[in-house]
Amino acid sequence: MSDFDSGKVDISVIIPVGGRHAADILALYADYRAGLQALGSSYEVIVVLDGPRPEVAADVQRLLSSGERISVISLTRRFEEATALVAGFQRARGRIILTLPAYHQIRGNEIGKLVRALGTADLAIGRRWPRAGSRFETMRRDAFHRVLAAITGQRFHDLGCGARAMKRRVLEEINIYGDQHRFLPVLASRIGFKVLEVELHQSPLDRLEGTYPPREYIRRALDVCAVFFLVRFTKKPLRFFGMLGVTTFVVGAALIAWLTIDRLAFRHPLADRPALLLSSLLVVLGMQLFALGLLGELIIFTHARDIKDYQIDEVVRYPVPQLPPQLPPSPQGAGRLEAPPPRARVQG
Amino acid sequence: MSLDLSVVVPLFNEEESVRPLYAAIVRGVEPLGVSFEIVLVDDGSRDGTVRVADEIARSDPRVCLVKFRRNYGQTPAMAAGIAEARGEIIVTMDGDLQNDPADIGELLARIDEGNDIVVGWRHDRQDKLWTRKVPSRIANALIAKVTGVPIRDNGCSLKAYRACLIKQIPLYSEMHRFIPAMASIAGPRIAEIRVRHHARQFGSSKYGLSRVYKVLLDLMVIKTVASFTARPMLWFGMLSLPMLAAAALALGWTCFTLVSEGRMSLSIAGTGVIFLTSTVMLLAAGALGELIYNLGDLREHQFSGLTQHLLVRGAATHE
């Protein structure tokens, strides 16, 4: 709710506060602040309240009145973490964006490790290691990451860790919403960013109270499906749906053909055969799947200019010597091409 | 700042070729007396391509370098180069020196004659016979047959386009091979000329037989999409006709038995209802398709640049 400086800062810290947050926000903040101050860079803190959180708002108010320099963004309803991150990012001025969880996952003094990892990577994600937790929890987590690895070809170990450091351009170029924050590393490395997993000591306060409700498992499974389509078939819907649809159609049609032959040659009456229902269902299903693929392809085809399947690192145009450079960015390149002469460089 | 010509060259691990290529392009285009730029697109090369290209760009302001963060493939590289190009005519070519920039003059001449796309035909192709030339022959015959655009050599990258046309054509996946076919939805006039083709001097070929399967799939997709894009409702309507017929047959039979014998078969009635449902769903999908099309980039008026050009040309010859 407040803009303190207009200048640039080194690090923007975004803390999205969702349904799960530390009971003692003040202690958490103090822990993070100690870690951030140890870095020796200028930073700003942006707290995003995902939905009305009166209990947290009171604590944040106390921090503000004690002179802490925090920006607070309060979302009108719960939008989930990724949206909260984006909302925070829109106000962030730092070169480096650091996201921190609103409950004790890591110790504040581990933040430096994450930020330093950006020397070689575009996105550094935390991995709580060594990790506490029951054997069942470990297995559940391992299974989730293995399934994801099988689908995306990228093996991560702790996507649930909310501590991530990234160069500004990562969030500029990635479009995330809802609760896709978990898949930020997957999406980032898909468009060519270098992602590094950094082992961080787990906070002793980080433990799961109770177990995940079954609803959570279903959501996770759906998430995996979504990522699967996002990564594999966004540009080729007809390949996927078409193949599936044609296969189903052919099976159904073959069944119908057999029933017809059976009726004509062997006089088995068609009327009391449930197989007729099954086969016609298959034919219809195949047709519908194919139609879906066609619609998807139509979307890609007519919107290919908006859905680019490549990311430009930079456009290098040296100006003509003497003549004043006039470089109107081409409409297609707009957004990508940030071209201040003398050297058009887009960098993070 | 509008230019006459942009030469777009995707580069992937072509460290040794870049300099000779640049020299050849300048040698080929400068005598034509047109203002031009060269757009080099680095497709995530892992060798010194970027360094060499950057040096060239520094020494010659007519050269622009577009860098990818990683390797995306030839079609995205071309798409990026085309999006970045500022010329009224865009010439694309390979970065491996197998195309000869000396042919650009001929391409431009044919564009000036009123063609919108001029494609090169490597009539004297310098490649291996069995792994490159024969599959290519078959593929080209197939593509020509299926798409109805009679081009003898779709694989040749040396092509010239009017910018107002090519910038509207969706380029994704592996579509660069089918640009003329894709462009045919805009109704351009296409000419084909013989171009020189040299054997590879540096590096190794980046293609093999493995792409056949992809080409076939893409071909099917393009054929379907190109015939369907502009009139999804009609297309889905056609798709739903057999369904409707089956539904009518099954439901008619049900009514008939119900009236004549006082009973009906659940299987047949159910089948009829299923097919009827499907008809409705397909028609709804068609309506959705119309909506998508109307929000998209490919509506006819997007190609008005082309149409105006036609009118100015007047009675152009039909090819």
# chains A, B, ... in the order shown; residues from 1 in each chain; ligands from 1
>>> interface_residues(of="chain B", to="chain A", cutoff="8 Å", atoms="only C-alpha atoms", output="PyMOL selection string")
chain B and resi 1+54+57-58+60-70+72+76+80+83-86+170-173+217+221+225+229+236+265-268+270-271+274-275+278+281-282+285+288-289+292-293+296-298
>>> atom_distance(atom1="atom CA of B:Ala248", atom2="atom CA of B:Gly272")
7.0 Å
>>> residues_around(residues="stretch 16-30 of chain A", least_positions_apart="5", cutoff="9 Å", atoms="only C-alpha atoms", output="JSON, numbers by chain")
{"A": [35, 46, 47, 48, 49, 50, 51, 53, 56, 59, 60, 62, 63, 78, 79, 80, 81, 82, 84, 85, 88, 99, 100, 101, 102, 103, 104, 108]}
>>> residues_around(residues="A:Glu110", least_positions_apart="3", cutoff="10 Å", atoms="only C-alpha atoms", output="ChimeraX atom specification")
/A:32,35-36,106-107,113-115,126,163,198-203
>>> select_by_dssp(residues="stretch 32-265 of chain A", states="helix (DSSP H, G or I)", output="MDAnalysis selection string")
chainID A and resid 32:39 54:65 81:91 108:117 135:152 168:173 180:190 214:232 237:265
>>> residues_around(residues="A:Val227", least_positions_apart="2", cutoff="9 Å", atoms="only C-alpha atoms", output="ChimeraX atom specification")
/A:148,151-152,180,183,186-187,222-225,229-232
>>> residues_around(residues="stretch 90-102 of chain B", least_positions_apart="5", cutoff="7 Å", atoms="only C-alpha atoms", output="list of chain:residue names")
B:Leu5, B:Ser6, B:Val7, B:Val8, B:Val9, B:Pro10, B:Leu11, B:Glu14, B:Ser17, B:Leu21, B:Ala24, B:Ile25, B:Gly28, B:Ser157, B:Leu158, B:Lys159, B:Ala160, B:Tyr161, B:Arg162, B:Ala163, B:Arg196, B:His197, B:His198, B:Ala199, B:Arg200
>>> select_by_dssp(residues="stretch 32-249 of chain B", states="strand (DSSP E or B)", output="mmCIF file with N, CA and C atoms, in the first residue's frame")
data_model
loop_
_atom_site.group_PDB
_atom_site.id
_atom_site.type_symbol
_atom_site.label_atom_id
_atom_site.label_comp_id
_atom_site.auth_asym_id
_atom_site.auth_seq_id
_atom_site.Cartn_x
_atom_site.Cartn_y
_atom_site.Cartn_z
ATOM 1 N N PHE B 36 18.609 -3.159 -48.217
ATOM 2 C CA PHE B 36 18.350 -4.480 -47.646
ATOM 3 C C PHE B 36 18.937 -4.617 -46.254
ATOM 4 N N GLU B 37 18.485 -5.635 -45.565
ATOM 5 C CA GLU B 37 19.081 -6.017 -44.286
ATOM 6 C C GLU B 37 19.212 -7.529 -44.274
ATOM 7 N N ILE B 38 20.126 -7.995 -43.440
ATOM 8 C CA ILE B 38 20.290 -9.436 -43.281
ATOM 9 C C ILE B 38 19.919 -9.772 -41.842
ATOM 10 N N VAL B 39 18.953 -10.642 -41.671
ATOM 11 C CA VAL B 39 18.550 -11.042 -40.323
ATOM 12 C C VAL B 39 19.107 -12.441 -40.066
ATOM 13 N N LEU B 40 20.108 -12.514 -39.221
ATOM 14 C CA LEU B 40 20.668 -13.815 -38.854
ATOM 15 C C LEU B 40 19.959 -14.286 -37.590
ATOM 16 N N VAL B 41 19.450 -15.496 -37.595
ATOM 17 C CA VAL B 41 18.776 -16.018 -36.410
ATOM 18 C C VAL B 41 19.596 -17.174 -35.875
ATOM 19 N N ASP B 42 20.131 -16.990 -34.690
ATOM 20 C CA ASP B 42 20.894 -18.080 -34.090
ATOM 21 C C ASP B 42 19.959 -18.977 -33.302
ATOM 22 N N VAL B 63 23.226 -5.737 -40.758
ATOM 23 C CA VAL B 63 23.031 -7.094 -40.244
ATOM 24 C C VAL B 63 22.410 -7.043 -38.858
ATOM 25 N N CYS B 64 21.385 -7.820 -38.675
ATOM 26 C CA CYS B 64 20.705 -7.900 -37.389
ATOM 27 C C CYS B 64 20.804 -9.341 -36.915
ATOM 28 N N LEU B 65 21.028 -9.517 -35.631
ATOM 29 C CA LEU B 65 21.176 -10.869 -35.097
ATOM 30 C C LEU B 65 20.094 -11.131 -34.059
ATOM 31 N N VAL B 66 19.334 -12.171 -34.272
ATOM 32 C CA VAL B 66 18.317 -12.583 -33.302
ATOM 33 C C VAL B 66 18.822 -13.842 -32.624
ATOM 34 N N LYS B 67 18.903 -13.810 -31.302
ATOM 35 C CA LYS B 67 19.447 -14.965 -30.584
ATOM 36 C C LYS B 67 18.348 -15.694 -29.840
ATOM 37 N N PHE B 68 18.320 -16.991 -29.964
ATOM 38 C CA PHE B 68 17.425 -17.823 -29.166
ATOM 39 C C PHE B 68 18.145 -18.270 -27.912
ATOM 40 N N GLY B 87 11.879 -5.606 -44.131
ATOM 41 C CA GLY B 87 11.817 -5.429 -45.576
ATOM 42 C C GLY B 87 10.431 -5.695 -46.130
ATOM 43 N N GLU B 88 10.156 -5.146 -47.315
ATOM 44 C CA GLU B 88 8.864 -5.398 -47.954
ATOM 45 C C GLU B 88 8.840 -6.761 -48.610
ATOM 46 N N ILE B 89 10.021 -7.219 -48.972
ATOM 47 C CA ILE B 89 10.141 -8.572 -49.505
ATOM 48 C C ILE B 89 11.069 -9.330 -48.570
ATOM 49 N N ILE B 90 10.697 -10.546 -48.256
ATOM 50 C CA ILE B 90 11.516 -11.341 -47.355
ATOM 51 C C ILE B 90 12.020 -12.573 -48.097
ATOM 52 N N VAL B 91 13.318 -12.739 -48.077
ATOM 53 C CA VAL B 91 13.920 -13.924 -48.678
ATOM 54 C C VAL B 91 14.446 -14.794 -47.553
ATOM 55 N N THR B 92 14.083 -16.066 -47.552
ATOM 56 C CA THR B 92 14.637 -16.977 -46.557
ATOM 57 C C THR B 92 15.616 -17.909 -47.248
ATOM 58 N N ASN B 99 22.446 -23.097 -50.486
ATOM 59 C CA ASN B 99 21.744 -22.167 -51.383
ATOM 60 C C ASN B 99 22.733 -21.111 -51.831
ATOM 61 N N ILE B 117 4.766 -15.269 -53.956
ATOM 62 C CA ILE B 117 5.749 -16.205 -53.414
ATOM 63 C C ILE B 117 6.566 -16.751 -54.575
ATOM 64 N N VAL B 118 7.865 -16.733 -54.428
ATOM 65 C CA VAL B 118 8.705 -17.379 -55.427
ATOM 66 C C VAL B 118 9.539 -18.419 -54.700
ATOM 67 N N VAL B 119 9.435 -19.670 -55.140
ATOM 68 C CA VAL B 119 10.175 -20.723 -54.455
ATOM 69 C C VAL B 119 11.304 -21.222 -55.337
ATOM 70 N N GLY B 120 12.376 -21.611 -54.691
ATOM 71 C CA GLY B 120 13.512 -22.153 -55.424
ATOM 72 C C GLY B 120 13.321 -23.643 -55.680
ATOM 73 N N TRP B 121 13.867 -24.092 -56.782
ATOM 74 C CA TRP B 121 13.824 -25.521 -57.092
ATOM 75 C C TRP B 121 15.256 -25.968 -57.334
ATOM 76 N N LYS B 159 13.507 -19.032 -50.687
ATOM 77 C CA LYS B 159 12.198 -18.613 -51.157
ATOM 78 C C LYS B 159 12.074 -17.117 -50.931
ATOM 79 N N ALA B 160 11.246 -16.468 -51.723
ATOM 80 C CA ALA B 160 10.985 -15.048 -51.515
ATOM 81 C C ALA B 160 9.490 -14.855 -51.313
ATOM 82 N N TYR B 161 9.152 -13.969 -50.365
ATOM 83 C CA TYR B 161 7.740 -13.718 -50.068
ATOM 84 C C TYR B 161 7.510 -12.228 -49.974
ATOM 85 N N ARG B 162 6.302 -11.818 -50.271
ATOM 86 C CA ARG B 162 5.894 -10.484 -49.871
ATOM 87 C C ARG B 162 5.707 -10.491 -48.356
ATOM 88 N N ILE B 190 2.004 -18.085 -56.990
ATOM 89 C CA ILE B 190 3.266 -18.727 -56.646
ATOM 90 C C ILE B 190 4.030 -19.043 -57.921
ATOM 91 N N ALA B 191 5.312 -18.703 -57.960
ATOM 92 C CA ALA B 191 6.153 -19.058 -59.093
ATOM 93 C C ALA B 191 7.314 -19.895 -58.589
ATOM 94 N N GLU B 192 7.865 -20.674 -59.475
ATOM 95 C CA GLU B 192 8.990 -21.518 -59.092
ATOM 96 C C GLU B 192 10.138 -21.274 -60.063
ATOM 97 N N ILE B 193 11.317 -21.098 -59.542
ATOM 98 C CA ILE B 193 12.466 -20.914 -60.434
ATOM 99 C C ILE B 193 13.552 -21.915 -60.076
ATOM 100 N N ARG B 194 14.396 -22.192 -61.043
ATOM 101 C CA ARG B 194 15.519 -23.084 -60.771
ATOM 102 C C ARG B 194 16.602 -22.312 -60.037
ATOM 103 N N HIS B 197 22.467 -25.150 -56.435
ATOM 104 C CA HIS B 197 22.582 -25.861 -55.164
ATOM 105 C C HIS B 197 23.988 -26.408 -55.044
#
>>> closest_residue(among="B:Glu261, B:Arg51, B:Asp4, B:Ile56", to="B:Pro20", atoms="only C-alpha atoms")
B:Ile56
>>> residues_around(residues="A:Gly160", least_positions_apart="5", cutoff="10 Å", atoms="only C-alpha atoms", output="list in words")
Pro101, Gln105, Ile125, Gly126, Arg127, Arg128, Arg141, His181, Arg182 and Phe183 of chain A
>>> write_last_selection(atoms="C-alpha atoms", output="short mmCIF file (atom, residue, chain, number, x, y, z; two decimals), in the first residue's frame")
data_model
loop_
_atom_site.label_atom_id
_atom_site.label_comp_id
_atom_site.auth_asym_id
_atom_site.auth_seq_id
_atom_site.Cartn_x
_atom_site.Cartn_y
_atom_site.Cartn_z
CA PRO A 101 6.98 -19.10 1.92
CA GLN A 105 10.17 -24.04 5.47
CA ILE A 125 14.69 -23.30 -6.31
CA GLY A 126 15.12 -24.57 -2.80
CA ARG A 127 15.16 -28.19 -1.87
CA ARG A 128 14.68 -28.89 1.79
CA ARG A 141 6.41 -36.77 -2.45
CA HIS A 181 3.61 -21.86 -8.85
CA ARG A 182 4.68 -25.41 -8.15
CA PHE A 183 5.49 -25.91 -11.79
#
